[in-house]
Each structure stands twice: as structure tokens, then as C-alpha cells.
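Containing JSON, C-alpha atoms: input_37.json.
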```
[["chain", "number", "residue", "atom", "x", "y", "z"],
["A", 1, "MET", "CA", 106.90, -50.44, -90.92],
["A", 2, "VAL", "CA", 107.22, -49.01, -94.42],
["A", 3, "ARG", "CA", 104.14, -48.87, -96.61],
["A", 4, "VAL", "CA", 104.52, -49.99, -100.21],
["A", 5, "LYS", "CA", 103.02, -47.32, -102.43],
["A", 6, "SER", "CA", 100.90, -48.54, -105.29],
["A", 7, "ARG", "CA", 99.06, -47.07, -108.23],
["A", 8, "TYR", "CA", 95.85, -48.35, -109.78],
["A", 9, "LEU", "CA", 95.29, -48.10, -113.49],
["A", 10, "LEU", "CA", 91.70, -48.20, -114.73],
["A", 11, "CYS", "CA", 91.55, -49.63, -118.25],
["A", 12, "GLU", "CA", 88.82, -50.39, -120.72],
["A", 13, "VAL", "CA", 89.19, -53.38, -123.06],
["A", 14, "ASN", "CA", 87.95, -52.49, -126.54],
["A", 15, "VAL", "CA", 86.97, -55.37, -128.82],
["A", 16, "THR", "CA", 84.97, -55.64, -132.02],
["A", 17, "ASP", "CA", 82.80, -58.51, -130.75],
["A", 18, "ARG", "CA", 81.48, -57.88, -127.21],
["A", 19, "ASN", "CA", 80.85, -61.62, -126.69],
["A", 20, "LEU", "CA", 84.61, -62.22, -126.66],
["A", 21, "LEU", "CA", 84.89, -60.20, -123.45],
["A", 22, "LEU", "CA", 83.26, -63.05, -121.56],
["A", 23, "LEU", "CA", 86.38, -65.14, -122.19],
["A", 24, "LEU", "CA", 88.65, -62.75, -120.27],
["A", 25, "ASP", "CA", 90.15, -63.76, -116.96],
["A", 26, "ASP", "CA", 92.75, -62.22, -114.68],
["A", 27, "ARG", "CA", 95.52, -64.72, -115.48],
["A", 28, "ALA", "CA", 95.29, -64.04, -119.22],
["A", 29, "VAL", "CA", 95.41, -60.26, -118.70],
["A", 30, "THR", "CA", 98.34, -60.57, -116.25],
["A", 31, "ALA", "CA", 100.34, -62.77, -118.63],
["A", 32, "THR", "CA", 99.68, -60.46, -121.58],
["A", 33, "VAL", "CA", 100.65, -57.28, -119.72],
["A", 34, "LYS", "CA", 103.84, -58.84, -118.32],
["A", 35, "ASP", "CA", 104.78, -60.13, -121.77],
["A", 36, "VAL", "CA", 104.29, -56.71, -123.38],
["A", 37, "VAL", "CA", 106.29, -54.93, -120.64],
["A", 38, "GLN", "CA", 109.08, -57.49, -121.18],
["A", 39, "ARG", "CA", 109.00, -56.92, -124.94],
["A", 40, "ILE", "CA", 108.95, -53.10, -124.76],
["A", 41, "HIS", "CA", 111.14, -52.32, -121.74],
["A", 42, "GLY", "CA", 113.30, -55.43, -121.57],
["A", 43, "ASP", "CA", 114.46, -57.26, -118.46],
["A", 44, "TYR", "CA", 114.63, -54.11, -116.36],
["A", 45, "GLY", "CA", 111.00, -53.18, -117.00],
["A", 46, "ALA", "CA", 109.83, -56.75, -116.51],
["A", 47, "ALA", "CA", 111.64, -57.06, -113.18],
["A", 48, "LEU", "CA", 110.41, -53.68, -112.01],
["A", 49, "CYS", "CA", 106.77, -54.43, -112.84],
["A", 50, "SER", "CA", 106.70, -58.09, -111.78],
["A", 51, "PHE", "CA", 106.89, -57.30, -108.07],
["A", 52, "GLY", "CA", 103.53, -56.12, -106.78],
["A", 53, "PHE", "CA", 101.72, -56.23, -110.13],
["A", 54, "SER", "CA", 98.23, -57.77, -110.10],
["A", 55, "VAL", "CA", 94.82, -57.53, -111.68],
["A", 56, "LYS", "CA", 92.58, -56.40, -108.82],
["A", 57, "TYR", "CA", 89.26, -56.30, -110.67],
["A", 58, "ILE", "CA", 88.00, -57.46, -114.02],
["A", 59, "ASN", "CA", 84.48, -57.09, -115.34],
["A", 60, "ALA", "CA", 84.06, -59.30, -118.38],
["A", 61, "VAL", "CA", 80.67, -57.79, -119.23],
["A", 62, "THR", "CA", 81.76, -54.14, -119.42],
["A", 63, "GLY", "CA", 85.45, -54.75, -120.17],
["A", 64, "ILE", "CA", 86.74, -52.72, -117.21],
["A", 65, "ILE", "CA", 90.02, -53.75, -115.56],
["A", 66, "PHE", "CA", 91.83, -52.42, -112.45],
["A", 67, "LEU", "CA", 95.58, -53.03, -112.57],
["A", 68, "ARG", "CA", 97.64, -52.62, -109.38],
["A", 69, "PHE", "CA", 101.38, -52.02, -109.58],
["A", 70, "PRO", "CA", 104.18, -50.30, -107.66],
["A", 71, "LYS", "CA", 104.26, -46.51, -107.88],
["A", 72, "LYS", "CA", 107.81, -46.46, -109.22],
["A", 73, "CYS", "CA", 106.97, -48.42, -112.38],
["A", 74, "TYR", "CA", 103.63, -47.00, -113.49],
["A", 75, "LYS", "CA", 105.19, -45.12, -116.40],
["A", 76, "GLN", "CA", 106.72, -48.31, -117.81],
["A", 77, "LEU", "CA", 103.41, -50.11, -117.55],
["A", 78, "TRP", "CA", 101.43, -47.18, -118.93],
["A", 79, "THR", "CA", 103.68, -46.78, -121.96],
["A", 80, "ALA", "CA", 103.55, -50.51, -122.74],
["A", 81, "LEU", "CA", 99.74, -50.77, -122.78],
["A", 82, "PRO", "CA", 99.24, -49.37, -126.33],
["A", 83, "PHE", "CA", 101.28, -52.28, -127.69],
["A", 84, "ILE", "CA", 98.72, -54.86, -126.56],
["A", 85, "THR", "CA", 96.89, -56.01, -129.67],
["A", 86, "SER", "CA", 95.39, -59.26, -128.41],
["A", 87, "ILE", "CA", 94.86, -61.29, -125.26],
["A", 88, "GLU", "CA", 95.01, -65.07, -125.35],
["A", 89, "ALA", "CA", 92.38, -66.51, -123.01],
["A", 90, "ARG", "CA", 90.99, -70.03, -122.83],
["A", 91, "GLY", "CA", 92.72, -71.09, -126.01],
["A", 92, "LYS", "CA", 91.33, -68.22, -128.10],
["A", 93, "LYS", "CA", 93.12, -65.11, -129.23],
["A", 94, "ILE", "CA", 90.96, -62.05, -128.53],
["A", 95, "PRO", "CA", 91.93, -59.09, -130.76],
["A", 96, "CYS", "CA", 91.63, -55.99, -128.60],
["A", 97, "PHE", "CA", 93.34, -52.91, -127.27],
["A", 98, "LEU", "CA", 93.42, -51.37, -123.81],
["A", 99, "ASN", "CA", 92.27, -47.80, -123.32],
["A", 100, "CYS", "CA", 93.72, -46.24, -120.17],
["A", 101, "ILE", "CA", 90.95, -44.23, -118.53],
["A", 102, "TYR", "CA", 92.38, -43.19, -115.16],
["A", 103, "VAL", "CA", 95.41, -43.56, -112.88],
["A", 104, "GLY", "CA", 94.68, -43.37, -109.16],
["A", 105, "GLY", "CA", 96.38, -43.86, -105.84],
["A", 106, "THR", "CA", 93.62, -45.97, -104.29],
["A", 107, "ILE", "CA", 90.92, -48.33, -105.47],
["A", 108, "ARG", "CA", 88.34, -46.00, -103.94],
["A", 109, "THR", "CA", 89.33, -43.04, -106.16],
["A", 110, "CYS", "CA", 89.22, -45.31, -109.20],
["A", 111, "GLN", "CA", 85.75, -46.50, -108.22],
["A", 112, "LYS", "CA", 84.52, -42.92, -107.84],
["A", 113, "PHE", "CA", 85.93, -42.03, -111.25],
["A", 114, "LEU", "CA", 84.37, -45.15, -112.79],
["A", 115, "ILE", "CA", 80.93, -44.18, -111.47],
["A", 116, "ARG", "CA", 81.25, -40.68, -112.97],
["A", 117, "TYR", "CA", 82.55, -42.16, -116.23],
["A", 118, "ASN", "CA", 79.66, -44.64, -116.48],
["A", 119, "ALA", "CA", 77.09, -41.91, -115.77],
["A", 120, "HIS", "CA", 78.67, -39.79, -118.53],
["A", 121, "GLN", "CA", 78.56, -42.72, -120.96],
["A", 122, "LEU", "CA", 74.89, -43.32, -120.14],
["A", 123, "ARG", "CA", 74.09, -39.64, -120.75],
["A", 124, "ARG", "CA", 75.75, -39.96, -124.16],
["A", 125, "MET", "CA", 73.57, -42.98, -124.93],
["A", 126, "LEU", "CA", 70.32, -41.25, -123.96],
["A", 127, "PRO", "CA", 69.79, -39.23, -127.18],
["A", 128, "LYS", "CA", 70.43, -42.35, -129.30],
["A", 129, "CYS", "CA", 67.53, -44.31, -127.76],
["A", 130, "LYS", "CA", 64.81, -45.41, -130.14],
["A", 131, "SER", "CA", 61.97, -46.11, -127.72],
["A", 132, "ASP", "CA", 60.61, -44.59, -124.54],
["A", 133, "ASP", "CA", 61.25, -47.83, -122.68],
["A", 134, "GLU", "CA", 64.96, -47.66, -123.54],
["A", 135, "LYS", "CA", 65.09, -44.05, -122.37],
["A", 136, "ARG", "CA", 63.47, -44.93, -119.04],
["A", 137, "ASN", "CA", 65.93, -47.80, -118.51],
["A", 138, "ILE", "CA", 68.92, -45.55, -119.19],
["A", 139, "GLN", "CA", 67.53, -42.76, -116.99],
["A", 140, "GLN", "CA", 67.09, -45.28, -114.18],
["A", 141, "ALA", "CA", 70.66, -46.50, -114.71],
["A", 142, "ILE", "CA", 71.91, -42.91, -114.45],
["A", 143, "LEU", "CA", 70.02, -42.45, -111.18],
["A", 144, "ASP", "CA", 71.48, -45.72, -109.86],
["A", 145, "CYS", "CA", 75.03, -44.47, -110.47],
["A", 146, "SER", "CA", 75.52, -42.92, -107.07],
["A", 147, "LEU", "CA", 77.73, -43.62, -104.09],
["A", 148, "THR", "CA", 75.75, -43.96, -100.92],
["A", 149, "ARG", "CA", 78.04, -44.81, -98.06],
["A", 150, "THR", "CA", 76.86, -46.69, -95.06],
["A", 151, "HIS", "CA", 78.68, -47.53, -91.86],
["A", 152, "THR", "CA", 79.38, -51.04, -93.14],
["A", 153, "ASP", "CA", 81.03, -49.65, -96.29],
["A", 154, "GLU", "CA", 83.27, -47.42, -94.18],
["A", 155, "ALA", "CA", 84.21, -50.39, -91.99],
["A", 156, "GLU", "CA", 85.05, -52.49, -95.07],
["A", 157, "ASP", "CA", 87.22, -49.66, -96.45],
["A", 158, "ALA", "CA", 89.07, -49.42, -93.14],
["A", 159, "LEU", "CA", 89.72, -53.17, -93.16],
["A", 160, "GLU", "CA", 90.88, -53.01, -96.79],
["A", 161, "SER", "CA", 93.34, -50.18, -96.04],
["A", 162, "GLU", "CA", 94.72, -52.13, -93.07],
["A", 163, "GLU", "CA", 95.24, -55.19, -95.31],
["A", 164, "ASP", "CA", 97.15, -53.08, -97.86],
["A", 165, "GLU", "CA", 99.57, -51.88, -95.17]]
```
For this file, produce the structure as C-alpha cells.
Amino acid sequence: MVRVKSRYLLCEVNVTDRNLLLLLDDRAVTATVKDVVQRIHGDYGAALCSFGFSVKYINAVTGIIFLRFPKKCYKQLWTALPFITSIEARGKKIPCFLNCIYVGGTIRTCQKFLIRYNAHQLRRMLPKCKSDDEKRNIQQAILDCSLTRTHTDEAEDALESEEDE
């Protein structure tokens, strides 16, 4: 049996009002990305990216999105992302842009990168704290950003990789 190779794109949604992120859902992001790929790369790009494309993870609080797509079309998708200026979700148009943070071959590598990225962002926030309580909260958040693997996590990863095949 032939394995379909995929790539995972880790993106950050940047908006002016953070409350608008709570309106995001996977269907709105999927429709917007497919529309932009159609507009930029035409029918060929839309057909290439429509098979196997999905939003695997979306965090409406932090604005982090994992996009899964076939390996052969990641350049078309990647080059179309800067043309996204808004996402229409739940009847509202959310003005935003997507910042591509990382391209990985598995969800696991994207998760590891995201943990390092979040720890780096927290370290940048530390000098800007105004009170000692804020500093303690951020230091605790930095300490919590660690991957501790248990046997159950390894079993779940094995099941996930079998499902992908």
C-alpha cells in the first residue's frame, strides 16, 4: 500500500482585536484558504490543493492553526497565504493575515516547534511585566512548556500514525 505524503503548515492568525479570534472555526478557514488558492493559482492550484487539504487544529484563543495538505502542493498553498486579508466566520468578516511559522512533515514536529516558539514568546514577554505576580505567572508558564512523554502518549502517537497510513 502506498502512503500519501503530507505536509503540515503551522500558521498564526494576526488580528487587531483579539476577541475576533473566538469567532474562527475550521470551515471558515478552509473555505478562505481554498478560495485564495483558486484566485492566485487558478483551477490547477485549486484542484491540486483540494484533495487531502484540511484544518487539523485550530486554537481560537491563541490564533494557531495547523493546515494539512499533500506534499506536492505545499508551495502553492504557502505562496497563496499572504493574500488572505480577511476570514468570514459566523456572518462577520474578520480582518486578519496569516503568518506562516513552520512547515513540518508530521504533526508531532509541528507540536515540538510550537512548544519552543511559545516558550520563546513568553521569554520575550518577561521583561515587559509590570508586577511581580505577572512575572511569576509567566515564569510558571515557561516551566510548563515542556514535553514529558508517557507510555500512553507513545501509544496514542502509534495509533495516530497507523490511522494516517
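Among the candidates A:Lys34, A:His41, A:Lys72, A:Arg123, the one nearest to Val4 of chain A when counting all atoms listed in the file is A:Lys72.
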Contact table segment 80-100 of chain A vs segment 15-25 of chain A, cut-off 10 Å, shortest pair per residue, only C-alpha atoms, as a Markdown table:
```
| residue | atom | partner | partner_atom | distance |
| --- | --- | --- | --- | --- |
| A:Thr85 | CA | A:Val15 | CA | 10.0 |
| A:Ser86 | CA | A:Val15 | CA | 9.3 |
| A:Ile87 | CA | A:Leu24 | CA | 8.1 |
| A:Glu88 | CA | A:Leu24 | CA | 8.5 |
| A:Ala89 | CA | A:Leu24 | CA | 6.0 |
| A:Arg90 | CA | A:Leu23 | CA | 6.8 |
| A:Gly91 | CA | A:Leu23 | CA | 9.5 |
| A:Lys92 | CA | A:Leu23 | CA | 8.3 |
| A:Lys93 | CA | A:Leu20 | CA | 9.3 |
| A:Ile94 | CA | A:Leu20 | CA | 6.6 |
| A:Pro95 | CA | A:Val15 | CA | 6.5 |
| A:Cys96 | CA | A:Val15 | CA | 4.7 |
| A:Phe97 | CA | A:Val15 | CA | 7.0 |
| A:Leu98 | CA | A:Val15 | CA | 9.1 |
```
Pairwise distance for atom CA of Ser50 of chain A and atom CA of Asn14 of chain A, rounded to one decimal in Å: 24.5 Å
So for segment 36-50 of chain A, what box centre and size do we get, axis-aligned, 4 Å extra on each of the six sides, every listed atom, Å to one decimal, as AutoDock Vina command-line options?
```
--center_x 109.5 --center_y -55.2 --center_z -118.4 --size_x 18.3 --size_y 13.8 --size_z 21.2
```
Long-range neighbours of Cys129 of chain A as a PyMOL selection string, 9 Å cut-off, only C-alpha atoms, 5 positions minimum in chain: chain A and resi 134-135+138
Export of the given selection (C-alpha atoms) as a PDB file, in the coordinates of the input:
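This went into part_16.pdb:
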```
ATOM      1  CA  GLU A 134      64.960 -47.660-123.540  1.00  0.00           C
ATOM      2  CA  LYS A 135      65.090 -44.050-122.370  1.00  0.00           C
ATOM      3  CA  ILE A 138      68.920 -45.550-119.190  1.00  0.00           C
TER       4      ILE A 138
END
```
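Coordinates place atom CA of Phe66 of chain A at a distance of 24.0 Å from atom CA of Leu143 of chain A.
Of the residues under consideration (A:Ile58, A:Lys130, A:Gly45, A:Tyr117), A:Gly45 shows the shortest atom-to-atom contact distance to Trp78 of chain A when counting all atoms listed in the file.
Here atom CA of Phe53 of chain A is placed at a distance of 10.8 Å from atom CA of Ala31 of chain A.
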How would segment 5-47 of chain A look written as a PDB file, in the first residue's frame with N, CA and C atoms?
```
ATOM      1  N   LYS A   5       1.927  11.172   1.209  1.00  0.00           N
ATOM      2  CA  LYS A   5       2.794  12.073   1.975  1.00  0.00           C
ATOM      3  C   LYS A   5       2.114  13.423   2.136  1.00  0.00           C
ATOM      4  N   SER A   6       2.173  13.910   3.355  1.00  0.00           N
ATOM      5  CA  SER A   6       1.534  15.183   3.672  1.00  0.00           C
ATOM      6  C   SER A   6       2.540  16.135   4.304  1.00  0.00           C
ATOM      7  N   ARG A   7       2.194  17.390   4.292  1.00  0.00           N
ATOM      8  CA  ARG A   7       2.940  18.417   4.993  1.00  0.00           C
ATOM      9  C   ARG A   7       1.960  19.139   5.907  1.00  0.00           C
ATOM     10  N   TYR A   8       2.499  19.654   6.997  1.00  0.00           N
ATOM     11  CA  TYR A   8       1.701  20.398   7.962  1.00  0.00           C
ATOM     12  C   TYR A   8       2.273  21.802   8.072  1.00  0.00           C
ATOM     13  N   LEU A   9       1.421  22.763   7.890  1.00  0.00           N
ATOM     14  CA  LEU A   9       1.824  24.161   7.948  1.00  0.00           C
ATOM     15  C   LEU A   9       1.279  24.753   9.240  1.00  0.00           C
ATOM     16  N   LEU A  10       2.156  25.301  10.042  1.00  0.00           N
ATOM     17  CA  LEU A  10       1.787  25.928  11.302  1.00  0.00           C
ATOM     18  C   LEU A  10       1.675  27.428  11.053  1.00  0.00           C
ATOM     19  N   CYS A  11       0.472  27.964  11.245  1.00  0.00           N
ATOM     20  CA  CYS A  11       0.228  29.376  10.964  1.00  0.00           C
ATOM     21  C   CYS A  11      -0.317  30.078  12.197  1.00  0.00           C
ATOM     22  N   GLU A  12      -0.038  31.369  12.249  1.00  0.00           N
ATOM     23  CA  GLU A  12      -0.545  32.214  13.318  1.00  0.00           C
ATOM     24  C   GLU A  12      -1.455  33.262  12.685  1.00  0.00           C
ATOM     25  N   VAL A  13      -2.672  33.386  13.210  1.00  0.00           N
ATOM     26  CA  VAL A  13      -3.626  34.366  12.701  1.00  0.00           C
ATOM     27  C   VAL A  13      -3.404  35.665  13.467  1.00  0.00           C
ATOM     28  N   ASN A  14      -3.088  36.721  12.748  1.00  0.00           N
ATOM     29  CA  ASN A  14      -2.840  38.031  13.363  1.00  0.00           C
ATOM     30  C   ASN A  14      -4.025  38.950  13.094  1.00  0.00           C
ATOM     31  N   VAL A  15      -4.630  39.429  14.169  1.00  0.00           N
ATOM     32  CA  VAL A  15      -5.773  40.338  14.078  1.00  0.00           C
ATOM     33  C   VAL A  15      -5.517  41.540  14.981  1.00  0.00           C
ATOM     34  N   THR A  16      -6.255  42.616  14.730  1.00  0.00           N
ATOM     35  CA  THR A  16      -6.105  43.796  15.575  1.00  0.00           C
ATOM     36  C   THR A  16      -6.876  43.641  16.875  1.00  0.00           C
ATOM     37  N   ASP A  17      -8.041  43.007  16.821  1.00  0.00           N
ATOM     38  CA  ASP A  17      -8.857  42.779  18.016  1.00  0.00           C
ATOM     39  C   ASP A  17      -8.843  41.291  18.352  1.00  0.00           C
ATOM     40  N   ARG A  18      -8.207  40.923  19.463  1.00  0.00           N
ATOM     41  CA  ARG A  18      -8.054  39.506  19.841  1.00  0.00           C
ATOM     42  C   ARG A  18      -9.400  38.816  20.100  1.00  0.00           C
ATOM     43  N   ASN A  19     -10.440  39.567  20.419  1.00  0.00           N
ATOM     44  CA  ASN A  19     -11.750  38.966  20.667  1.00  0.00           C
ATOM     45  C   ASN A  19     -12.356  38.370  19.401  1.00  0.00           C
ATOM     46  N   LEU A  20     -11.947  38.868  18.241  1.00  0.00           N
ATOM     47  CA  LEU A  20     -12.466  38.338  16.980  1.00  0.00           C
ATOM     48  C   LEU A  20     -11.964  36.922  16.693  1.00  0.00           C
ATOM     49  N   LEU A  21     -10.847  36.543  17.325  1.00  0.00           N
ATOM     50  CA  LEU A  21     -10.328  35.189  17.123  1.00  0.00           C
ATOM     51  C   LEU A  21     -11.302  34.117  17.606  1.00  0.00           C
ATOM     52  N   LEU A  22     -12.115  34.449  18.579  1.00  0.00           N
ATOM     53  CA  LEU A  22     -13.061  33.477  19.118  1.00  0.00           C
ATOM     54  C   LEU A  22     -14.134  33.085  18.108  1.00  0.00           C
ATOM     55  N   LEU A  23     -14.284  33.870  17.056  1.00  0.00           N
ATOM     56  CA  LEU A  23     -15.266  33.550  16.018  1.00  0.00           C
ATOM     57  C   LEU A  23     -14.750  32.533  15.005  1.00  0.00           C
ATOM     58  N   LEU A  24     -13.450  32.283  14.985  1.00  0.00           N
ATOM     59  CA  LEU A  24     -12.866  31.388  13.988  1.00  0.00           C
ATOM     60  C   LEU A  24     -13.330  29.948  14.161  1.00  0.00           C
ATOM     61  N   ASP A  25     -13.543  29.285  13.039  1.00  0.00           N
ATOM     62  CA  ASP A  25     -13.795  27.854  13.040  1.00  0.00           C
ATOM     63  C   ASP A  25     -13.118  27.243  11.824  1.00  0.00           C
ATOM     64  N   ASP A  26     -13.014  25.919  11.817  1.00  0.00           N
ATOM     65  CA  ASP A  26     -12.243  25.251  10.770  1.00  0.00           C
ATOM     66  C   ASP A  26     -12.883  25.387   9.385  1.00  0.00           C
ATOM     67  N   ARG A  27     -14.205  25.414   9.307  1.00  0.00           N
ATOM     68  CA  ARG A  27     -14.859  25.538   7.998  1.00  0.00           C
ATOM     69  C   ARG A  27     -14.586  26.897   7.360  1.00  0.00           C
ATOM     70  N   ALA A  28     -14.574  27.946   8.161  1.00  0.00           N
ATOM     71  CA  ALA A  28     -14.311  29.285   7.633  1.00  0.00           C
ATOM     72  C   ALA A  28     -12.881  29.394   7.125  1.00  0.00           C
ATOM     73  N   VAL A  29     -11.930  28.841   7.876  1.00  0.00           N
ATOM     74  CA  VAL A  29     -10.525  28.880   7.459  1.00  0.00           C
ATOM     75  C   VAL A  29     -10.333  28.046   6.186  1.00  0.00           C
ATOM     76  N   THR A  30     -10.938  26.870   6.139  1.00  0.00           N
ATOM     77  CA  THR A  30     -10.825  26.005   4.953  1.00  0.00           C
ATOM     78  C   THR A  30     -11.377  26.702   3.723  1.00  0.00           C
ATOM     79  N   ALA A  31     -12.562  27.289   3.829  1.00  0.00           N
ATOM     80  CA  ALA A  31     -13.174  27.971   2.690  1.00  0.00           C
ATOM     81  C   ALA A  31     -12.328  29.150   2.223  1.00  0.00           C
ATOM     82  N   THR A  32     -11.773  29.905   3.171  1.00  0.00           N
ATOM     83  CA  THR A  32     -10.956  31.059   2.813  1.00  0.00           C
ATOM     84  C   THR A  32      -9.675  30.642   2.109  1.00  0.00           C
ATOM     85  N   VAL A  33      -9.001  29.625   2.633  1.00  0.00           N
ATOM     86  CA  VAL A  33      -7.741  29.177   2.028  1.00  0.00           C
ATOM     87  C   VAL A  33      -7.994  28.615   0.629  1.00  0.00           C
ATOM     88  N   LYS A  34      -9.036  27.810   0.471  1.00  0.00           N
ATOM     89  CA  LYS A  34      -9.342  27.259  -0.861  1.00  0.00           C
ATOM     90  C   LYS A  34      -9.699  28.355  -1.852  1.00  0.00           C
ATOM     91  N   ASP A  35     -10.418  29.367  -1.397  1.00  0.00           N
ATOM     92  CA  ASP A  35     -10.783  30.481  -2.269  1.00  0.00           C
ATOM     93  C   ASP A  35      -9.547  31.254  -2.710  1.00  0.00           C
ATOM     94  N   VAL A  36      -8.629  31.501  -1.801  1.00  0.00           N
ATOM     95  CA  VAL A  36      -7.420  32.256  -2.151  1.00  0.00           C
ATOM     96  C   VAL A  36      -6.532  31.449  -3.097  1.00  0.00           C
ATOM     97  N   VAL A  37      -6.392  30.146  -2.867  1.00  0.00           N
ATOM     98  CA  VAL A  37      -5.596  29.305  -3.774  1.00  0.00           C
ATOM     99  C   VAL A  37      -6.224  29.311  -5.161  1.00  0.00           C
ATOM    100  N   GLN A  38      -7.550  29.258  -5.236  1.00  0.00           N
ATOM    101  CA  GLN A  38      -8.258  29.324  -6.521  1.00  0.00           C
ATOM    102  C   GLN A  38      -7.978  30.651  -7.217  1.00  0.00           C
ATOM    103  N   ARG A  39      -8.036  31.742  -6.467  1.00  0.00           N
ATOM    104  CA  ARG A  39      -7.826  33.069  -7.035  1.00  0.00           C
ATOM    105  C   ARG A  39      -6.392  33.266  -7.515  1.00  0.00           C
ATOM    106  N   ILE A  40      -5.404  32.777  -6.765  1.00  0.00           N
ATOM    107  CA  ILE A  40      -3.997  33.024  -7.089  1.00  0.00           C
ATOM    108  C   ILE A  40      -3.472  32.042  -8.127  1.00  0.00           C
ATOM    109  N   HIS A  41      -3.757  30.751  -7.948  1.00  0.00           N
ATOM    110  CA  HIS A  41      -3.176  29.725  -8.817  1.00  0.00           C
ATOM    111  C   HIS A  41      -4.153  29.116  -9.809  1.00  0.00           C
ATOM    112  N   GLY A  42      -5.372  29.576  -9.827  1.00  0.00           N
ATOM    113  CA  GLY A  42      -6.340  29.123 -10.812  1.00  0.00           C
ATOM    114  C   GLY A  42      -6.877  27.730 -10.522  1.00  0.00           C
ATOM    115  N   ASP A  43      -7.454  27.130 -11.569  1.00  0.00           N
ATOM    116  CA  ASP A  43      -8.083  25.818 -11.422  1.00  0.00           C
ATOM    117  C   ASP A  43      -7.069  24.728 -11.087  1.00  0.00           C
ATOM    118  N   TYR A  44      -5.876  24.830 -11.656  1.00  0.00           N
ATOM    119  CA  TYR A  44      -4.854  23.822 -11.386  1.00  0.00           C
ATOM    120  C   TYR A  44      -4.471  23.802  -9.910  1.00  0.00           C
ATOM    121  N   GLY A  45      -4.206  24.961  -9.336  1.00  0.00           N
ATOM    122  CA  GLY A  45      -3.848  25.036  -7.926  1.00  0.00           C
ATOM    123  C   GLY A  45      -4.985  24.612  -7.020  1.00  0.00           C
ATOM    124  N   ALA A  46      -6.208  24.996  -7.385  1.00  0.00           N
ATOM    125  CA  ALA A  46      -7.363  24.616  -6.573  1.00  0.00           C
ATOM    126  C   ALA A  46      -7.579  23.109  -6.593  1.00  0.00           C
ATOM    127  N   ALA A  47      -7.426  22.498  -7.753  1.00  0.00           N
ATOM    128  CA  ALA A  47      -7.598  21.046  -7.846  1.00  0.00           C
ATOM    129  C   ALA A  47      -6.485  20.317  -7.108  1.00  0.00           C
TER     130      ALA A  47
END
```
